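Chemist: Let me begin by handing over the structure; questions about it come next.
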Amino acid sequence: MAIPGPAPGAGARPRLDLQFLQRFLQILKVLFPSWSSQNALMFLTLLCLTLLEQFVIYRVGLIPSQYYGVLGNKDLEGFKTLTFLAVMLIVLNSTLKSFDQFTCNLLYVSWRKDLTEHLHRLYFRGRVYYTLNVLRDDIDNPDQRISQDVERFCRQLSSMASKLIISPFTLVYYTYQCFQRFKHMQIRVNAEPAAFYSRHQHL
């Protein structure tokens with residue numbers, strides 16, 4: 001006799017709540033068992049590659065403005081040097097992107113292996129496999145869920161990893177840059193009152 005599960009549709013809709021956060025943290029403990037684990041080291045490598053890639057992209061973005069000065073001065077040697085630098089930066093950026101993708105793929109394989117093995121240990125502990133396959137009617141095909149859901153989760157997480165880890169750094173950097181432009185604008189707007197004030201102080 002099957003043990004009845006919750007009614008279909010009751011609580012089936014995924015929600016971003018405390019339970020989701022707790023389960024996600026439990027998964028992270030499986031994916032990153034320690035700071036010196038292989039997954040943690042690969043993730044740190046991915047972080048370094050992503051930061052270096054963003055720096056190269058920033059340097060590439062500065063090159064077009066440098067061409068104005070070189071072309072305006074009709075500096076042939078400067079033009080050759082700048083073009084060589086631009087080509088090197090573009091090649092370096094492409095190489096970093098390739099290493100970035102390669103590291104993400106390695107993380108995907110390693111995460112999938114660790115999470116699948118962890119779930120299988122839980123699945124074959126005691127009578128869990130029998131309970132899920134025979135006595136429960138609210139879970140369909142647990143074996144397929146372990147294989148396919150883990151694959152999808154790890155693939156999606158690995159594809160998001162580089163974007164997630166670089167977002168805070170990018171946000172902090174451009175927030176600081178916006179603050180510096182805002183302060184510069186304030187100085188320009190208040191240049192005349194500041195000059196009058198300074199002159200008044202000297203008098």
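Here's how to read the names in the structure tokens: chain A, B, ... by the order shown, residue numbers from 1 in each chain, ligand numbers from 1 in the order shown.
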Neighbours of Glu151 of chain A within 12 Å (only C-alpha atoms; same-chain residues fewer than 5 positions away dropped), as a PyMOL selection string?
Modeler: chain A and resi 108-116+144-146+156-158
Chemist: I'd like the neighbourhood of segment 22-33 of chain A as a VMD selection string, where a residue qualifies if any of its atoms comes within 10 Å (using only C-alpha atoms), though same-chain residues fewer than 3 positions away should be ignored.
Modeler: chain A and resid 17 to 19 36 to 41 43 107 110 to 115 117 to 119 154
Chemist: For a quick check of understanding, using only C-alpha atoms, which of A:Phe20, A:Phe84, A:Phe153, A:Phe99 has the smallest distance to Cys48 of chain A?
Modeler: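 Under the stated criterion, the closest residue is A:Phe99.
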Chemist: One decimal, Å: what's the distance from atom CA of Leu49 of chain A over to atom CA of Leu96 of chain A, could you say?
Modeler: 6.5 Å
Chemist: What residues in segment 47-200 of chain A get the DSSP label alpha helix (DSSP H)? Please answer as number ranges by chain.
Modeler: A: 47-72, 76-123, 128-130, 142-144, 150-189, 191-200
Chemist: Hey, what's within 12 Å of Ser167 of chain A if we count only C-alpha atoms and toss same-chain stuff fewer than 5 positions away? As a list in words, please?
Modeler: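 Here the qualifying residues turn out to be Leu47, Thr50, Leu51, Gln54, Met160, Ala161, Ser162, Val172, Tyr173, Tyr174 and Thr175 of chain A.
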Chemist: Export C-alpha atoms of the chosen residues as a PDB file, in the first residue's frame?
Modeler:
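Printed below is selection-v5.pdb as written:
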ATOM      1  CA  LEU A  47      37.493  34.248  -9.844  1.00  0.00           C
ATOM      2  CA  THR A  50      37.211  36.633 -14.411  1.00  0.00           C
ATOM      3  CA  LEU A  51      38.840  39.603 -12.667  1.00  0.00           C
ATOM      4  CA  GLN A  54      37.410  42.367 -16.769  1.00  0.00           C
ATOM      5  CA  MET A 160      26.150  31.397 -13.937  1.00  0.00           C
ATOM      6  CA  ALA A 161      29.268  31.077 -11.769  1.00  0.00           C
ATOM      7  CA  SER A 162      31.532  33.576 -13.550  1.00  0.00           C
ATOM      8  CA  VAL A 172      31.560  48.285  -6.391  1.00  0.00           C
ATOM      9  CA  TYR A 173      33.964  49.564  -9.049  1.00  0.00           C
ATOM     10  CA  TYR A 174      31.384  51.425 -11.122  1.00  0.00           C
ATOM     11  CA  THR A 175      29.681  52.775  -7.993  1.00  0.00           C
TER      12      THR A 175
END
Chemist: In Å, how far is it from atom CA of Asn93 of chain A to atom CA of Ile57 of chain A?
Modeler: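 Answer for the atom CA of Asn93 of chain A to atom CA of Ile57 of chain A separation: 7.0 Å.
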Chemist: Would you compute the distance between atom CA of Asp100 of chain A and atom CA of Thr170 of chain A? Give it in Å to one decimal.
Modeler: 17.0 Å
